[in-house]
Structures are given as structure tokens and as C-alpha cells.
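Colleague: First the structure, then my questions, so here it is.
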Amino acid sequence: MSSAPYIPTELEDEISFLLAKSLKSVTSGSFELHASDKPALKLEVIKNKGKNKRIDINFLEPEFFNIDINPEEDKVGEKTGFFDKLKNALDLAKMMPDKEEKALSFSKKFARYLTDNDVTLTISRKGKEALTIGKEAKPTLSRLLTRSGDVQIKSTKETAKLTDDVLTEE
Amino acid sequence: MEKLTGKNMTMTYEFDDLTIDIPSARGPGGKDIGGAEWKINGKITITTETYQKGSTS
């Protein structure tokens, strides 16, 4: 059983809100991260019609962004970084016993805030689109899986691979 | 994440006209603090390497 610290729902709400607002603030351009001369991540901002904006994030080397969700690590010391907060929020969502509460977990709140801010986030793994979150997400069958109108799973295969790459439990 | 800051690594952060819109806000005493537009261009490279501590040359 996970021993993740308790995070109040308001804090989870605040993190997802601030993250969505930060993405709204990025208006154009691109960013690339290279690890030992190998491209690891590419972020590109594409302006659509009107206020709408699309941000493409491509995890070219997803293993570099691995978040260890081994609860033993929590005992080493208190972590306050962004990824630790994100991990804790995800852990909390996993600990929730009530399925209805799970449906309102971090990712769905974040997706809702993206839609509210006219932002669409597309997440790709090694150039293959896995997810569309926010304004332009058009979930059909994926609504059954995510129970959200703001999250569209473009490829279940790539989404599963990306989850495995980024969130691992040793 | 350790891989991002690990030993013997070179991390390059490359920005290409990345524009960030900083919204205006209310400061102390209700003072209006104007917004700004930040444009980031360029490259930051961080290299880490291991070395033998206390070795004599």
C-alpha cells in the first residue's frame, strides 16, 4: 500500500490550476531539451484561430523523465519539487477508495482547466501522438475510460507505453 | 529525474523565440503592476563530470 503523504484536495486543485495557467502564459515559440546530444523532449506552441492555442509536447526519450513511484523513497526526506507534488497528487488519486472521487483526480481537473483557458495539449511519445487534453479533445470511446470530456486518448498503445516510461514502480 | 542531473551528462536547453506573457497584477496597496512579454532565445548547456576527490597531480 502506498504511504504517500496526504495532500488536501484544494492543493491538488491549485497545482492543476497553476499548471494550466502557466501553459496559457506561453504564447509562441519552441523549446528543446537534449540529453548528451540526443533530443529528449520537444515543446512547440502553435496558435490556432482566436484565443485558442495548442501546445505539442513530444517525449523523444521518455525514459529520461522517469518518476519513481516507489513509496519507500518517501522516507528518505521531504520533497517539494514540482514532479514530487505531481507524483503525490497521482499517488493520492490512486489511494482514493471511491471511484467517483477517482474520476475527479488530478489529470481530469488539469484537463478541465486547460479547456477553460482555451489551451489544447497534445502529448506524443517518440513522435507518435498519444493523448490530446483540453480544448480540442474530442473523446468518443476514450470518454468511457477517462470519464472526462477533456481527455482524448489518441493511441491506447502509446499512452500505455508513455505511462510505463514515465511512472515506474520498482 | 536523476538522469537529468546525473554524472557525466550534458543537458542542453534550447529556446527558439519562446514567448511568455506575464499578466499584470495588483501589488501591495492595490498598486497596479504592469504585465510583460518575455521572449527567450538561445541555448543553455549544463555539463557534469565526475572526478577523483583528493587525487594528487
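The chains in the C-alpha cells are called A, B, ... from first to last as shown; in each chain the residues are counted from 1, and the ligands are counted from 1 in the order shown.
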Which residues of chain A have any atom within 7 Å of an atom in chain B when counting only C-alpha atoms, and what is the closest pair of atoms for each, with the distance in Å to one decimal? Order the rows by chain and rising number and write it as JSON lines.
Modeller:
{"residue": "A:Ser25", "atom": "CA", "partner": "B:Asp21", "partner_atom": "CA", "distance": 4.9}
{"residue": "A:Val26", "atom": "CA", "partner": "B:Ile20", "partner_atom": "CA", "distance": 4.4}
{"residue": "A:Thr27", "atom": "CA", "partner": "B:Thr19", "partner_atom": "CA", "distance": 5.4}
{"residue": "A:Ser28", "atom": "CA", "partner": "B:Thr19", "partner_atom": "CA", "distance": 5.1}
{"residue": "A:Gly29", "atom": "CA", "partner": "B:Leu18", "partner_atom": "CA", "distance": 4.0}
{"residue": "A:Ser30", "atom": "CA", "partner": "B:Asp16", "partner_atom": "CA", "distance": 5.2}
{"residue": "A:Phe31", "atom": "CA", "partner": "B:Phe15", "partner_atom": "CA", "distance": 4.6}
{"residue": "A:Glu32", "atom": "CA", "partner": "B:Glu14", "partner_atom": "CA", "distance": 5.0}
{"residue": "A:Leu33", "atom": "CA", "partner": "B:Tyr13", "partner_atom": "CA", "distance": 4.8}
{"residue": "A:His34", "atom": "CA", "partner": "B:Thr12", "partner_atom": "CA", "distance": 4.9}
{"residue": "A:Ala35", "atom": "CA", "partner": "B:Met11", "partner_atom": "CA", "distance": 4.7}
{"residue": "A:Ser36", "atom": "CA", "partner": "B:Thr10", "partner_atom": "CA", "distance": 4.6}
{"residue": "A:Phe64", "atom": "CA", "partner": "B:Lys3", "partner_atom": "CA", "distance": 6.0}
{"residue": "A:Phe65", "atom": "CA", "partner": "B:Met1", "partner_atom": "CA", "distance": 5.6}
{"residue": "A:Asn66", "atom": "CA", "partner": "B:Met1", "partner_atom": "CA", "distance": 6.0}
{"residue": "A:Ile67", "atom": "CA", "partner": "B:Met1", "partner_atom": "CA", "distance": 6.5}
Colleague: Considering only C-alpha atoms, state which residue in the set A:Asp56, A:Asp116, A:Glu14, A:Glu61 is at the smallest distance from Asp37 of chain A.
Modeller: A:Glu61
Colleague: Extract the full set of strand (DSSP E) residues from segment 2-47 of chain B according to DSSP on the backbone, and format it as a list in words.
Modeller: Thr10, Met11, Thr12, Tyr13, Glu14, Phe15, Asp16, Asp17, Leu18, Thr19, Ile20, Asp21, Ile22, Ala25, Arg26, Asp32, Ile33, Ala36, Glu37, Trp38, Lys39, Ile40, Asn41, Gly42, Lys43, Ile44, Thr45, Ile46 and Thr47 of chain B
Colleague: If you run DSSP on this backbone, which residues of chain B come out as helix (DSSP H, G or I), and could you give them as a PyMOL selection string?
Modeller: chain B and resi 2-5+28-30
Colleague: Tell me, as a PyMOL selection string, which residues lie within 10 Å of segment 110-114 of chain A, counting only C-alpha atoms; anything in the same chain fewer than 5 positions away does not count.
Modeller: chain A and resi 12-21+23-24+104-105+119-121+132-137+148-151
Colleague: Could you give me, as a PyMOL selection string, the residues within 12 Å of Lys157 of chain A, counting only C-alpha atoms and dropping anything in the same chain fewer than 3 positions from it?
Modeller: chain A and resi 124-125+128-131+153-154+160-164
Colleague: May I ask for the distance between atom CA of Gln152 of chain A and atom CA of Lys49 of chain A, given in Å to one decimal place?
Modeller: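 We find that atom CA of Gln152 of chain A and atom CA of Lys49 of chain A lie 20.5 Å from each other.
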Colleague: Give me, please, the distance in Å between atom CA of Pro62 of chain A and atom CA of Ser155 of chain A, quoted to one decimal.
Modeller: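 Going from atom CA of Pro62 of chain A over to atom CA of Ser155 of chain A covers 16.0 Å.
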